[in-house]
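Peer 1: Below is the file data.cif, with mmCIF, C-alpha atoms and all ligand atoms.
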```cif
data_target
loop_
_atom_site.label_atom_id
_atom_site.label_comp_id
_atom_site.auth_asym_id
_atom_site.auth_seq_id
_atom_site.Cartn_x
_atom_site.Cartn_y
_atom_site.Cartn_z
CA MET A 1 -22.07 -41.78 -35.62
CA GLU A 2 -20.37 -45.09 -34.83
CA PRO A 3 -20.43 -45.90 -31.11
CA ASN A 4 -16.65 -45.86 -31.15
CA SER A 5 -16.33 -42.53 -32.80
CA TYR A 6 -18.86 -41.06 -30.35
CA ALA A 7 -16.70 -42.35 -27.51
CA ASN A 8 -13.57 -40.99 -29.21
CA SER A 9 -15.17 -37.62 -29.74
CA ARG A 10 -16.17 -37.51 -26.08
CA ILE A 11 -12.74 -38.55 -24.88
CA THR A 12 -11.10 -36.03 -27.17
CA ARG A 13 -13.36 -33.18 -26.11
CA ILE A 14 -12.81 -33.93 -22.44
CA ALA A 15 -9.06 -34.16 -23.03
CA SER A 16 -9.13 -30.84 -24.86
CA HIS A 17 -10.32 -29.10 -21.68
CA LEU A 18 -6.99 -30.01 -20.16
CA ASN A 19 -4.98 -28.30 -22.85
CA PRO A 20 -4.85 -25.05 -24.70
CA PRO A 21 -7.27 -25.38 -27.66
CA ASN A 22 -4.54 -24.92 -30.27
CA LEU A 23 -3.09 -28.29 -29.27
CA LYS A 24 -4.38 -31.07 -31.49
CA MET A 25 -5.89 -33.68 -29.20
CA ASN A 26 -7.38 -36.16 -31.71
CA GLU A 27 -4.81 -38.90 -31.28
CA HIS A 28 -7.62 -41.04 -29.85
CA GLY A 29 -9.55 -41.43 -33.07
CA GLY A 30 -8.79 -39.09 -35.95
CA SER A 31 -12.17 -37.98 -37.28
CA SER A 32 -13.72 -36.59 -34.08
CA LEU A 33 -14.58 -32.93 -33.54
CA THR A 34 -12.22 -31.15 -31.19
CA ASN A 35 -11.91 -27.58 -29.94
CA VAL A 36 -9.36 -26.95 -32.70
CA HIS A 37 -12.05 -27.59 -35.29
CA CYS A 38 -14.65 -25.34 -33.72
CA ARG A 39 -15.28 -21.95 -35.32
CA ALA A 40 -13.48 -19.16 -33.46
CA LYS A 41 -15.60 -16.68 -31.49
CA GLY A 42 -13.64 -13.74 -32.83
CA GLY A 43 -11.86 -12.77 -29.64
CA THR A 44 -14.50 -12.02 -27.00
CA PRO A 45 -13.11 -9.02 -25.10
CA GLY A 46 -12.47 -9.62 -21.44
CA PHE A 47 -9.89 -10.64 -18.88
CA LYS A 48 -7.93 -13.84 -18.43
CA VAL A 49 -8.34 -15.27 -14.97
CA ALA A 50 -6.65 -18.26 -13.34
CA ILE A 51 -7.91 -20.02 -10.22
CA LEU A 52 -5.26 -22.05 -8.34
CA GLY A 53 -6.88 -24.68 -6.12
CA ALA A 54 -9.92 -24.74 -8.42
CA ALA A 55 -11.09 -28.24 -7.47
CA GLY A 56 -11.42 -27.50 -3.75
CA GLY A 57 -14.30 -26.52 -1.49
CA ILE A 58 -13.87 -22.83 -2.35
CA GLY A 59 -12.36 -23.46 -5.78
CA GLN A 60 -15.38 -25.21 -7.30
CA PRO A 61 -18.12 -22.66 -6.51
CA LEU A 62 -15.62 -19.86 -7.18
CA SER A 63 -14.87 -21.33 -10.62
CA MET A 64 -18.58 -21.62 -11.34
CA LEU A 65 -19.26 -18.02 -10.32
CA MET A 66 -16.29 -16.69 -12.32
CA LYS A 67 -17.58 -18.57 -15.39
CA MET A 68 -20.73 -16.46 -14.97
CA ASN A 69 -18.77 -13.19 -14.82
CA LEU A 70 -19.19 -11.22 -18.05
CA LEU A 71 -15.77 -9.56 -17.66
CA VAL A 72 -13.98 -12.92 -17.94
CA SER A 73 -13.08 -14.18 -21.44
CA VAL A 74 -10.69 -17.00 -20.45
CA LEU A 75 -10.83 -19.00 -17.23
CA HIS A 76 -7.95 -21.31 -16.33
CA LEU A 77 -8.65 -23.88 -13.60
CA TYR A 78 -5.57 -25.35 -11.92
CA ASP A 79 -5.28 -27.90 -9.13
CA VAL A 80 -3.15 -30.89 -8.21
CA VAL A 81 -6.26 -33.14 -8.33
CA ASN A 82 -9.64 -33.40 -10.08
CA THR A 83 -9.43 -30.53 -12.56
CA PRO A 84 -10.55 -32.67 -15.54
CA GLY A 85 -13.97 -33.27 -13.98
CA VAL A 86 -14.46 -29.75 -12.65
CA THR A 87 -13.37 -28.22 -15.97
CA SER A 88 -15.55 -30.49 -18.07
CA ASP A 89 -18.55 -29.76 -15.85
CA ILE A 90 -18.11 -25.97 -15.74
CA SER A 91 -17.29 -25.71 -19.45
CA HIS A 92 -20.86 -26.79 -20.29
CA MET A 93 -22.29 -23.59 -18.80
CA ASP A 94 -23.59 -21.38 -21.64
CA THR A 95 -21.68 -18.26 -20.62
CA SER A 96 -18.98 -16.72 -22.78
CA ALA A 97 -15.77 -17.43 -20.82
CA VAL A 98 -13.64 -20.19 -22.38
CA VAL A 99 -12.61 -22.67 -19.67
CA ARG A 100 -9.40 -24.70 -19.69
CA GLY A 101 -8.18 -27.13 -17.06
CA PHE A 102 -4.62 -27.73 -15.88
CA LEU A 103 -3.64 -30.64 -13.66
CA GLY A 104 -0.50 -31.06 -11.59
CA GLN A 105 2.65 -29.07 -11.15
CA ASN A 106 4.02 -29.59 -14.65
CA GLN A 107 0.99 -27.75 -16.06
CA LEU A 108 1.16 -24.89 -13.55
CA GLU A 109 3.16 -22.50 -15.71
CA ASP A 110 0.89 -23.05 -18.72
CA ALA A 111 -2.10 -22.31 -16.49
CA LEU A 112 -0.58 -18.94 -15.59
CA THR A 113 0.78 -17.70 -18.88
CA GLY A 114 -0.73 -14.34 -19.84
CA MET A 115 -3.21 -14.10 -16.96
CA ASP A 116 -4.58 -10.70 -15.85
CA LEU A 117 -5.89 -11.92 -12.50
CA VAL A 118 -4.85 -14.93 -10.42
CA ILE A 119 -7.07 -16.06 -7.53
CA ILE A 120 -5.49 -18.47 -5.02
CA PRO A 121 -7.69 -20.63 -2.77
CA ALA A 122 -5.15 -23.53 -2.75
CA GLY A 123 -4.25 -25.12 0.55
CA VAL A 124 -5.63 -26.99 3.53
CA PRO A 125 -8.55 -25.65 5.60
CA ARG A 126 -8.99 -25.71 9.38
CA LYS A 127 -10.62 -28.37 11.51
CA PRO A 128 -12.27 -27.64 14.90
CA GLY A 129 -9.73 -26.67 17.55
CA MET A 130 -7.19 -25.31 15.04
CA THR A 131 -6.16 -21.71 14.48
CA ARG A 132 -5.46 -20.36 11.00
CA ASP A 133 -1.80 -20.19 11.98
CA ASP A 134 -1.85 -24.00 12.45
CA LEU A 135 -2.18 -24.19 8.63
CA PHE A 136 1.11 -22.34 8.13
CA ASN A 137 3.39 -25.37 7.82
CA ILE A 138 1.50 -26.83 4.83
CA ASN A 139 0.10 -23.71 3.15
CA ALA A 140 3.29 -21.62 3.27
CA GLY A 141 5.06 -24.03 0.91
CA ILE A 142 2.04 -24.24 -1.43
CA VAL A 143 1.78 -20.45 -1.70
CA LYS A 144 5.55 -20.15 -2.28
CA THR A 145 5.49 -22.61 -5.19
CA LEU A 146 2.45 -20.98 -6.80
CA CYS A 147 3.89 -17.47 -6.48
CA GLU A 148 7.23 -18.54 -7.99
CA ALA A 149 5.32 -19.64 -11.08
CA ILE A 150 3.28 -16.39 -11.14
CA ALA A 151 6.54 -14.39 -11.06
CA LYS A 152 7.74 -16.33 -14.11
CA ARG A 153 4.61 -16.46 -16.24
CA CYS A 154 2.35 -13.51 -15.37
CA PRO A 155 4.40 -11.07 -13.27
CA LYS A 156 1.98 -8.21 -14.02
CA ALA A 157 -1.14 -10.09 -12.92
CA ILE A 158 -3.25 -8.89 -10.00
CA VAL A 159 -3.06 -11.60 -7.30
CA ASN A 160 -6.00 -12.25 -4.95
CA LEU A 161 -4.64 -14.47 -2.16
CA ILE A 162 -7.18 -16.44 -0.13
CA SER A 163 -5.07 -19.28 1.37
CA ASN A 164 -4.69 -19.10 5.14
CA PRO A 165 -3.11 -17.83 7.27
CA VAL A 166 -3.58 -14.72 5.08
CA ASN A 167 -1.71 -12.60 7.67
CA SER A 168 1.42 -14.64 6.81
CA THR A 169 0.79 -15.94 3.26
CA VAL A 170 0.63 -12.42 1.79
CA PRO A 171 4.09 -11.55 3.23
CA ILE A 172 5.33 -14.90 1.82
CA ALA A 173 4.01 -13.99 -1.64
CA ALA A 174 5.60 -10.53 -1.42
CA GLU A 175 9.00 -12.03 -0.50
CA VAL A 176 8.81 -14.50 -3.40
CA PHE A 177 8.01 -11.66 -5.82
CA LYS A 178 10.78 -9.46 -4.34
CA ARG A 179 13.30 -12.25 -4.87
CA ALA A 180 12.15 -12.61 -8.47
CA GLY A 181 12.32 -8.84 -8.97
CA THR A 182 8.62 -8.62 -9.85
CA TYR A 183 7.09 -7.30 -6.61
CA ASP A 184 4.50 -4.58 -7.09
CA PRO A 185 2.63 -3.78 -3.85
CA LYS A 186 -0.30 -2.49 -5.90
CA ARG A 187 -0.92 -5.92 -7.39
CA LEU A 188 -0.84 -8.22 -4.36
CA LEU A 189 -4.06 -8.30 -2.34
CA GLY A 190 -4.94 -10.60 0.54
CA VAL A 191 -8.66 -11.34 0.39
CA THR A 192 -10.43 -10.20 3.58
CA MET A 193 -13.75 -9.67 1.82
CA LEU A 194 -15.45 -12.43 3.81
CA ASP A 195 -14.93 -10.39 6.98
CA VAL A 196 -16.70 -7.46 5.31
CA VAL A 197 -19.48 -9.72 3.98
CA ARG A 198 -20.02 -11.18 7.47
CA ALA A 199 -19.87 -7.75 9.12
CA ASN A 200 -22.49 -6.38 6.69
CA THR A 201 -24.73 -9.38 7.37
CA PHE A 202 -24.47 -9.35 11.16
CA VAL A 203 -24.82 -5.56 11.45
CA ALA A 204 -27.86 -5.66 9.14
CA GLU A 205 -29.42 -8.33 11.37
CA VAL A 206 -28.95 -6.21 14.50
CA MET A 207 -30.16 -3.00 12.84
CA GLY A 208 -33.08 -4.63 10.98
CA LEU A 209 -31.69 -3.50 7.60
CA ASP A 210 -31.15 -5.14 4.21
CA PRO A 211 -27.45 -6.28 4.19
CA ARG A 212 -27.08 -4.85 0.68
CA ASP A 213 -27.59 -1.37 2.14
CA VAL A 214 -24.93 -1.80 4.83
CA ASP A 215 -21.21 -1.12 4.49
CA VAL A 216 -18.86 -1.98 7.35
CA PRO A 217 -15.12 -1.33 6.90
CA VAL A 218 -13.07 -4.18 8.41
CA VAL A 219 -9.37 -3.47 8.88
CA GLY A 220 -6.30 -5.14 10.43
CA GLY A 221 -5.89 -8.72 9.31
CA HIS A 222 -7.71 -12.00 8.83
CA ALA A 223 -7.48 -13.97 12.10
CA GLY A 224 -9.16 -13.55 15.50
CA ILE A 225 -8.42 -10.23 17.18
CA THR A 226 -6.62 -8.90 14.09
CA ILE A 227 -10.06 -8.70 12.40
CA LEU A 228 -11.16 -5.21 13.37
CA PRO A 229 -14.63 -4.07 12.27
CA LEU A 230 -14.94 -0.28 12.39
CA LEU A 231 -18.49 -0.07 13.71
CA SER A 232 -18.07 3.68 14.25
CA GLN A 233 -17.83 4.07 10.45
CA VAL A 234 -20.79 1.90 9.41
CA LYS A 235 -22.90 3.16 6.53
CA PRO A 236 -25.69 4.11 6.89
CA PRO A 237 -24.49 5.95 10.03
CA SER A 238 -25.63 3.85 12.99
CA SER A 239 -25.07 3.95 16.72
CA PHE A 240 -24.66 0.80 18.76
CA THR A 241 -24.91 0.11 22.48
CA PRO A 242 -21.71 -1.17 24.16
CA LYS A 243 -23.38 -4.60 24.36
CA GLU A 244 -24.10 -4.57 20.61
CA ILE A 245 -20.52 -3.51 19.87
CA GLU A 246 -19.17 -6.38 21.94
CA TYR A 247 -21.55 -8.92 20.38
CA LEU A 248 -20.88 -7.76 16.79
CA THR A 249 -17.10 -7.51 17.17
CA ASP A 250 -16.92 -10.98 18.69
CA ARG A 251 -19.21 -12.54 16.05
CA ILE A 252 -17.30 -10.93 13.15
CA GLN A 253 -13.90 -11.93 14.59
CA ASN A 254 -15.05 -15.51 15.13
CA GLY A 255 -17.23 -15.97 12.04
CA GLY A 256 -14.71 -18.39 10.53
CA THR A 257 -14.57 -20.49 13.69
CA GLU A 258 -18.39 -20.52 13.83
CA VAL A 259 -18.43 -22.22 10.40
CA VAL A 260 -15.49 -24.55 11.19
CA GLU A 261 -17.34 -25.79 14.29
CA ALA A 262 -20.67 -26.17 12.47
CA LYS A 263 -18.94 -28.19 9.72
CA ALA A 264 -17.49 -30.41 12.47
CA GLY A 265 -14.35 -31.57 10.68
CA ALA A 266 -15.58 -31.18 7.09
CA GLY A 267 -13.64 -27.96 6.47
CA SER A 268 -14.23 -24.24 6.78
CA ALA A 269 -16.29 -21.61 4.96
CA THR A 270 -16.43 -22.43 1.24
CA LEU A 271 -19.70 -21.11 -0.19
CA SER A 272 -19.74 -17.71 1.52
CA MET A 273 -16.00 -17.49 0.74
CA ALA A 274 -16.56 -18.21 -2.95
CA TYR A 275 -19.25 -15.50 -2.94
CA ALA A 276 -16.89 -13.05 -1.21
CA ALA A 277 -13.97 -13.94 -3.50
CA VAL A 278 -16.08 -13.31 -6.60
CA LYS A 279 -17.35 -10.01 -5.20
CA PHE A 280 -13.73 -8.98 -4.67
CA ALA A 281 -12.43 -10.33 -7.99
CA ASP A 282 -15.26 -8.60 -9.84
CA ALA A 283 -14.29 -5.31 -8.16
CA CYS A 284 -10.67 -5.84 -9.30
CA LEU A 285 -11.76 -6.58 -12.88
CA ARG A 286 -14.14 -3.60 -13.06
CA ALA A 287 -11.29 -1.40 -11.84
CA LEU A 288 -8.87 -2.92 -14.38
CA LYS A 289 -11.41 -2.05 -17.05
CA GLY A 290 -11.39 1.57 -15.93
CA GLU A 291 -14.48 1.86 -13.73
CA ALA A 292 -13.89 4.68 -11.22
CA ASP A 293 -14.37 4.88 -7.45
CA ILE A 294 -14.08 1.22 -6.57
CA ILE A 295 -13.17 0.99 -2.91
CA GLN A 296 -12.70 -2.30 -1.05
CA CYS A 297 -10.95 -3.52 2.07
CA ALA A 298 -7.95 -5.81 1.46
CA TYR A 299 -4.81 -6.98 3.27
CA VAL A 300 -2.03 -5.10 1.50
CA ASP A 301 1.47 -3.67 1.80
CA SER A 302 0.60 -1.05 4.38
CA GLN A 303 0.86 2.66 3.76
CA VAL A 304 -1.51 3.62 6.57
CA THR A 305 0.21 2.04 9.59
CA GLU A 306 3.82 1.34 10.58
CA LEU A 307 3.21 -2.39 9.93
CA PRO A 308 4.51 -3.90 6.67
CA PHE A 309 1.05 -5.37 5.89
CA PHE A 310 -2.38 -4.31 7.09
CA ALA A 311 -5.95 -4.64 5.85
CA SER A 312 -7.56 -1.30 5.07
CA LYS A 313 -9.66 0.43 2.46
CA VAL A 314 -8.01 0.76 -0.94
CA ARG A 315 -9.13 2.45 -4.13
CA LEU A 316 -8.74 0.00 -7.02
CA GLY A 317 -7.81 1.05 -10.54
CA ARG A 318 -6.20 -0.04 -13.80
CA ASN A 319 -3.00 -1.10 -12.01
CA GLY A 320 -4.49 -2.71 -8.92
CA VAL A 321 -4.36 -0.51 -5.83
CA GLU A 322 -4.45 3.16 -6.88
CA GLU A 323 -4.69 4.64 -3.41
CA PHE A 324 -4.33 3.40 0.18
CA LEU A 325 -7.08 5.18 2.10
CA PRO A 326 -6.53 6.40 5.67
CA LEU A 327 -8.18 4.59 8.58
CA GLY A 328 -10.35 7.57 9.45
CA PRO A 329 -11.47 8.55 12.96
CA LEU A 330 -11.63 5.60 15.39
CA SER A 331 -13.62 5.20 18.60
CA ASP A 332 -11.73 4.60 21.88
CA TYR A 333 -12.76 0.94 21.71
CA GLU A 334 -11.40 0.62 18.17
CA ARG A 335 -8.13 2.40 19.03
CA ALA A 336 -7.51 -0.01 21.92
CA SER A 337 -8.38 -3.03 19.73
CA LEU A 338 -6.08 -1.75 16.99
CA GLU A 339 -3.08 -1.76 19.33
CA LYS A 340 -3.75 -5.42 20.27
CA ALA A 341 -4.27 -6.39 16.63
CA LYS A 342 -0.99 -4.74 15.57
CA LYS A 343 1.07 -6.84 18.00
CA GLU A 344 -0.32 -10.12 16.65
CA LEU A 345 -0.06 -8.94 13.05
CA ALA A 346 3.61 -8.02 13.43
CA THR A 347 4.38 -11.59 14.59
CA SER A 348 2.42 -13.18 11.72
CA VAL A 349 4.08 -10.96 9.12
CA GLU A 350 7.54 -11.74 10.49
CA LYS A 351 6.77 -15.48 10.39
CA GLY A 352 5.89 -15.25 6.68
CA VAL A 353 8.91 -13.12 5.80
CA SER A 354 11.38 -15.36 7.61
CA PHE A 355 9.90 -18.48 5.95
CA ILE A 356 11.34 -17.18 2.66
CA ARG A 357 14.44 -15.39 3.96
CA LYS A 358 15.67 -18.17 6.25
N1 LIG A 401 -9.24 -15.64 3.10
C1 LIG A 401 -10.35 -16.11 3.60
O1 LIG A 401 -11.24 -15.34 3.99
C2 LIG A 401 -10.59 -17.58 3.65
C3 LIG A 401 -9.58 -18.46 3.42
N2 LIG A 401 -9.80 -19.80 3.43
C4 LIG A 401 -8.66 -20.68 3.15
O2 LIG A 401 -8.73 -21.12 1.78
C5 LIG A 401 -7.97 -22.33 1.66
C6 LIG A 401 -8.75 -23.37 0.86
O3 LIG A 401 -9.91 -23.76 1.56
P1 LIG A 401 -10.89 -24.90 0.96
O4 LIG A 401 -11.17 -24.64 -0.46
O5 LIG A 401 -12.01 -25.04 1.91
O6 LIG A 401 -9.94 -26.18 1.06
P2 LIG A 401 -10.05 -27.55 0.21
O7 LIG A 401 -9.16 -28.54 0.88
O8 LIG A 401 -11.47 -27.91 0.02
O9 LIG A 401 -9.46 -27.14 -1.20
C7 LIG A 401 -8.13 -26.78 -1.37
C8 LIG A 401 -7.71 -27.17 -2.75
O10 LIG A 401 -6.34 -26.80 -2.90
C9 LIG A 401 -5.72 -27.81 -3.66
N3 LIG A 401 -4.28 -27.79 -3.50
C10 LIG A 401 -3.51 -28.34 -2.52
N4 LIG A 401 -2.22 -28.16 -2.81
C11 LIG A 401 -2.16 -27.47 -3.97
C12 LIG A 401 -1.11 -26.99 -4.77
N5 LIG A 401 0.16 -27.17 -4.44
N6 LIG A 401 -1.44 -26.35 -5.92
C13 LIG A 401 -2.74 -26.15 -6.28
N7 LIG A 401 -3.76 -26.60 -5.55
C14 LIG A 401 -3.48 -27.24 -4.41
C15 LIG A 401 -6.34 -29.10 -3.15
O11 LIG A 401 -6.14 -30.15 -4.08
C16 LIG A 401 -7.79 -28.68 -3.01
O12 LIG A 401 -8.52 -28.94 -4.19
C17 LIG A 401 -7.64 -22.77 3.08
O13 LIG A 401 -6.32 -22.42 3.40
C18 LIG A 401 -8.62 -21.97 3.94
O14 LIG A 401 -8.18 -21.78 5.24
C19 LIG A 401 -11.04 -20.32 3.66
C20 LIG A 401 -12.10 -19.47 3.90
C21 LIG A 401 -11.95 -18.04 3.98
O1 LIG A 402 -11.93 -19.81 9.49
C1 LIG A 402 -11.25 -20.37 8.61
O2 LIG A 402 -10.37 -21.20 8.82
C2 LIG A 402 -11.52 -19.96 7.20
C3 LIG A 402 -11.56 -18.50 7.12
O3 LIG A 402 -10.55 -17.85 7.02
C4 LIG A 402 -12.84 -17.84 7.35
O4 LIG A 402 -13.90 -18.47 7.26
O5 LIG A 402 -12.82 -16.64 7.61
#
```
Before anything else, please render the file you have as C-alpha cells.
Peer 2:
Amino acid sequence: MEPNSYANSRITRIASHLNPPNLKMNEHGGSSLTNVHCRAKGGTPGFKVAILGAAGGIGQPLSMLMKMNLLVSVLHLYDVVNTPGVTSDISHMDTSAVVRGFLGQNQLEDALTGMDLVIIPAGVPRKPGMTRDDLFNINAGIVKTLCEAIAKRCPKAIVNLISNPVNSTVPIAAEVFKRAGTYDPKRLLGVTMLDVVRANTFVAEVMGLDPRDVDVPVVGGHAGITILPLLSQVKPPSSFTPKEIEYLTDRIQNGGTEVVEAKAGAGSATLSMAYAAVKFADACLRALKGEADIIQCAYVDSQVTELPFFASKVRLGRNGVEEFLPLGPLSDYERASLEKAKKELATSVEKGVSFIRK
C-alpha cells in the first residue's frame, strides 16, 4: 500500500466512526477501505444504546463497559467534545456492538434516531464545597436540550438519567417530554444505583460479608439526607446497633462527597458510577428482552408516596417500569428520616418543574 493511501484509509476509517456507516466517507482518497465496503454482519440481534456525554469522566468507562455488553448491538457515543478519539479507541474492542461517534449539537438528533435506551451522564460535576444543587444552573439547560432531541428522535426509548442534581433533572426531563406529548413515566428513570452499590459495599464491610451477597434498598432521592438506605430491609436479614446505623447512614448519604473531597477538585465519582450505570442499564436491557423479576431502585414518577418523584424499588419489564413496589415496613429511625427527606425532595422537584414551566 502506498504511504498516502494508507494514510487516506486511516483518515477515512476514523472519519467513518463519526457517521452512520451507510454514508460514503472516501472523499479523502477514493480507493481506501471504508465501513461501507466491509461485509455486513447479518444483523446481530440486540439493542441500540446511545450515551450522551460519552467523552466525560463517567462517559468513557461507561462507553467501554457498554461495548462489552452482549445485549448491545449498536452503541452511539455523543458529546460536544472529543467523541472522535473515544469512538475510534472503543471501536477497536473485539466485541460485537457496532460503535458510532457523534460530535456537537448538529449531530445530536442522528445520534438518537431509533435508540432503545439512552444513558445521560452529560453535565458538569461537583468540586469540593459544592452541593449537587449547585450544578443546577448549568446542567438543567443541558438536560433540557438533550431531552428535547430524545422526544423528537426516540420518544419510546428508556432514559437512564445520571446528570446531577438528579432530584431536579428527572422532573426537568419529565416536563420536556410532557410538553412534547411523549411522556411515559415507565420509561424515565433517574439513576440512583450508585447509592445502592455503595450501601451494599459499606454494609458488607461492617457485617464481614461479600458485597455480592448483600442487597440494601436505598429510597428517596440522590442528594444528602434524601438518600435513605433501608437498613431494616437488608438482605441477608441483619441487625445493626444504633451506632452502626448512624455510621452506615451517614457514609452512604455522603459517599459522593467522600469521593469529591478525595479527588480534590478533579471531579466526582466516575469509575464506580460507570460501574453502577452499566449494572442498571444491563438490568433495563435484560428486562426489555423479557427476563422476569428484575427489581432495582430508581428515582421515578412516584406511585408510592405523595411526592411527584421518589426513588424506590421498581420491577422492570419490556416497557420500562412494570410495577412500582411499596416501601415496605420501616423502622422508627427510617420513618423519621423519610419525613425530612420528603421536605427537601419536594423543593428540588419544584425547582426542576418550574425551570421548564417558567
Ligand atoms: N447519578 C449519580 O449517581 C451520579 C451523577 N454524576 C453526575 O454525572 C455528571 C457527569 O459527571 P462526569 O462524567 O464526572 O463529568 P465530566 O465533566 O467528566 O463529563 C461530562 C461530559 O459531558 C459533556 N457535556 C457537556 N455539555 C454537554 C452537552 N450539552 N451535550 C452532551 N455532552 C455534554 C462534557 O463535554 C463532558 O465530556 C455530573 O453532573 C455529575 O454530577 C456523577 C456521579 C454519580
Ligand atoms: O457526589 C457527586 O457530586 C456525584 C454523585 O452524585 C455521587 O457520587 O453520588
Peer 1: Let me know the centre plus edge lengths, in Å and rounded to one decimal, of a box with edges along x, y and z that contains all listed atoms of range 261-276 of chain A and is padded by 5 Å on every side, as lines of an AutoDock Vina configuration file.
Peer 2:
```
center_x = -17.2
center_y = -22.3
center_z = 5.7
size_x = 17.0
size_y = 28.5
size_z = 27.2
```
Peer 1: Do a neighbour search on Glu323 in chain A at 6 Å with all atoms listed in the file, toss out local chain neighbours closer than 2 positions, and write the hits as JSON, numbers by chain.
Peer 2: {"A": [314, 315, 321]}
Peer 1: Please find the residues contacting ligand LIG 402 (chain A) at a distance of at most 9 Å between atoms, with all atoms listed in the file counted, and report them as a count of residues only.
Peer 2: 31
Peer 1: Residues within 12 Å of (-7.2, 4.4, -8.7), file coordinates, counting all atoms listed in the file: what are they? Give the list as a list of chain:residue names.
Peer 2: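 Neighbouring residues, ordered by chain and number, come to A:Lys186, A:Cys284, A:Arg286, A:Ala287, A:Leu288, A:Lys289, A:Gly290, A:Glu291, A:Ala292, A:Asp293, A:Ile294, A:Ile295, A:Gln296, A:Val314, A:Arg315, A:Leu316, A:Gly317, A:Arg318, A:Asn319, A:Gly320, A:Val321, A:Glu322, A:Glu323, A:Phe324, A:Leu325.
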Peer 1: Determine the nearest neighbour of Leu230 in chain A from the options A:Arg357, A:Lys313, A:Arg153, A:Lys351, counting all atoms listed in the file.
Peer 2: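 That would be A:Lys313, the residue with the smallest distance to Leu230 in chain A.
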Peer 1: Please identify all polymer residues within 8 Å of range 235-243 of chain A, counting all atoms listed in the file, omitting same-chain residues fewer than 4 positions from it, and present them as an MDAnalysis selection string.
Peer 2: chainID A and resid 213:216 247
Peer 1: What's the 10 Å shell around Val81 in chain A, counting only C-alpha atoms, without same-chain residues fewer than 5 positions away, as a ChimeraX atom specification?
Peer 2: /A:53-56,86,102-104
Peer 1: Do you have the CA of Val170 in chain A-CA of Val203 in chain A distance handy?
Peer 2: 28.1 Å
Peer 1: Could you tell me, as a PyMOL selection string, which residues have any atom at most 12 Å from (-3.9, 6.5, 8.6), counting only C-alpha atoms?
Peer 2: chain A and resi 219+302-307+310-314+324-330+335+338
Peer 1: Save out the residues we just selected, C-alpha atoms, as a PDB file, in the frame of the given file.
Peer 2:
```pdb
ATOM      1  CA  VAL A 219      -9.370  -3.470   8.880  1.00  0.00           C
ATOM      2  CA  SER A 302       0.600  -1.050   4.380  1.00  0.00           C
ATOM      3  CA  GLN A 303       0.860   2.660   3.760  1.00  0.00           C
ATOM      4  CA  VAL A 304      -1.510   3.620   6.570  1.00  0.00           C
ATOM      5  CA  THR A 305       0.210   2.040   9.590  1.00  0.00           C
ATOM      6  CA  GLU A 306       3.820   1.340  10.580  1.00  0.00           C
ATOM      7  CA  LEU A 307       3.210  -2.390   9.930  1.00  0.00           C
ATOM      8  CA  PHE A 310      -2.380  -4.310   7.090  1.00  0.00           C
ATOM      9  CA  ALA A 311      -5.950  -4.640   5.850  1.00  0.00           C
ATOM     10  CA  SER A 312      -7.560  -1.300   5.070  1.00  0.00           C
ATOM     11  CA  LYS A 313      -9.660   0.430   2.460  1.00  0.00           C
ATOM     12  CA  VAL A 314      -8.010   0.760  -0.940  1.00  0.00           C
ATOM     13  CA  PHE A 324      -4.330   3.400   0.180  1.00  0.00           C
ATOM     14  CA  LEU A 325      -7.080   5.180   2.100  1.00  0.00           C
ATOM     15  CA  PRO A 326      -6.530   6.400   5.670  1.00  0.00           C
ATOM     16  CA  LEU A 327      -8.180   4.590   8.580  1.00  0.00           C
ATOM     17  CA  GLY A 328     -10.350   7.570   9.450  1.00  0.00           C
ATOM     18  CA  PRO A 329     -11.470   8.550  12.960  1.00  0.00           C
ATOM     19  CA  LEU A 330     -11.630   5.600  15.390  1.00  0.00           C
ATOM     20  CA  ARG A 335      -8.130   2.400  19.030  1.00  0.00           C
ATOM     21  CA  LEU A 338      -6.080  -1.750  16.990  1.00  0.00           C
TER      22      LEU A 338
END
```
Peer 1: May I ask which of the residues A:Ile138, A:Ile172, A:Leu231, A:Ala283 is the closest one to ligand LIG 401 (chain A), counting all atoms listed in the file?
Peer 2: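 Closest to ligand LIG 401 (chain A), using all atoms listed in the file: A:Ile138.
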Peer 1: Would you mind telling me which residue in A:Pro84, A:His92, A:Gly123, A:Pro128 lies nearest to Lys263 in chain A when using all atoms listed in the file?
Peer 2: A:Pro128
Peer 1: Using only C-alpha atoms, can you tell me which of A:Leu77, A:Ala204, A:Cys147, A:Arg198 comes closest to Ala174 in chain A?
Peer 2: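 Closest candidate: A:Cys147.
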Peer 1: Which residues come within 9 Å of Val49 in chain A, counting all atoms listed in the file, excluding same-chain residues fewer than 6 positions away, as a compact mmCIF listing (two decimals) with C-alpha atoms, keeping the file's coordinate frame?
Peer 2:
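Okay, selection-v9.txt is ready:
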```txt
# COMPACT_ATOMS: atom_id res chain seq x y z
CA MET A 66 -16.29 -16.69 -12.32
CA VAL A 72 -13.98 -12.92 -17.94
CA SER A 73 -13.08 -14.18 -21.44
CA VAL A 74 -10.69 -17.00 -20.45
CA LEU A 75 -10.83 -19.00 -17.23
CA HIS A 76 -7.95 -21.31 -16.33
CA LEU A 77 -8.65 -23.88 -13.60
CA LEU A 112 -0.58 -18.94 -15.59
CA MET A 115 -3.21 -14.10 -16.96
CA ASP A 116 -4.58 -10.70 -15.85
CA LEU A 117 -5.89 -11.92 -12.50
CA VAL A 118 -4.85 -14.93 -10.42
CA ILE A 119 -7.07 -16.06 -7.53
```
Peer 1: Which of these residues is nearest to Pro211 in chain A, using only C-alpha atoms: A:Ile120, A:Glu339, A:Ala199, A:Leu146?
Peer 2: A:Ala199
Peer 1: Between A:Leu228, A:Ile58, A:Leu189, A:Ala173, single out the one closest to ligand LIG 401 (chain A), counting all atoms listed in the file.
Peer 2: A:Ile58
Peer 1: To one decimal place in Å, what is the distance between CA of Ser88 in chain A and CA of Pro61 in chain A?
Peer 2: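 For CA of Ser88 in chain A relative to CA of Pro61 in chain A, the distance reads 14.2 Å.
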Peer 1: For atom C16 of ligand LIG 401 (chain A) and CA of Asn139 in chain A, quote the distance in Å rounded to one decimal.
Peer 2: 11.2 Å
Peer 1: I'd like the neighbourhood of Ser91 in chain A as a list of chain:residue names, where a residue qualifies if any of its atoms comes within 9 Å (using all atoms listed in the file), though same-chain residues fewer than 5 positions away should be ignored.
Peer 2: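 Counting only the stated atoms, we get A:His17, A:Lys67, A:Val86, A:Ala97, A:Val98, A:Val99, A:Arg100.
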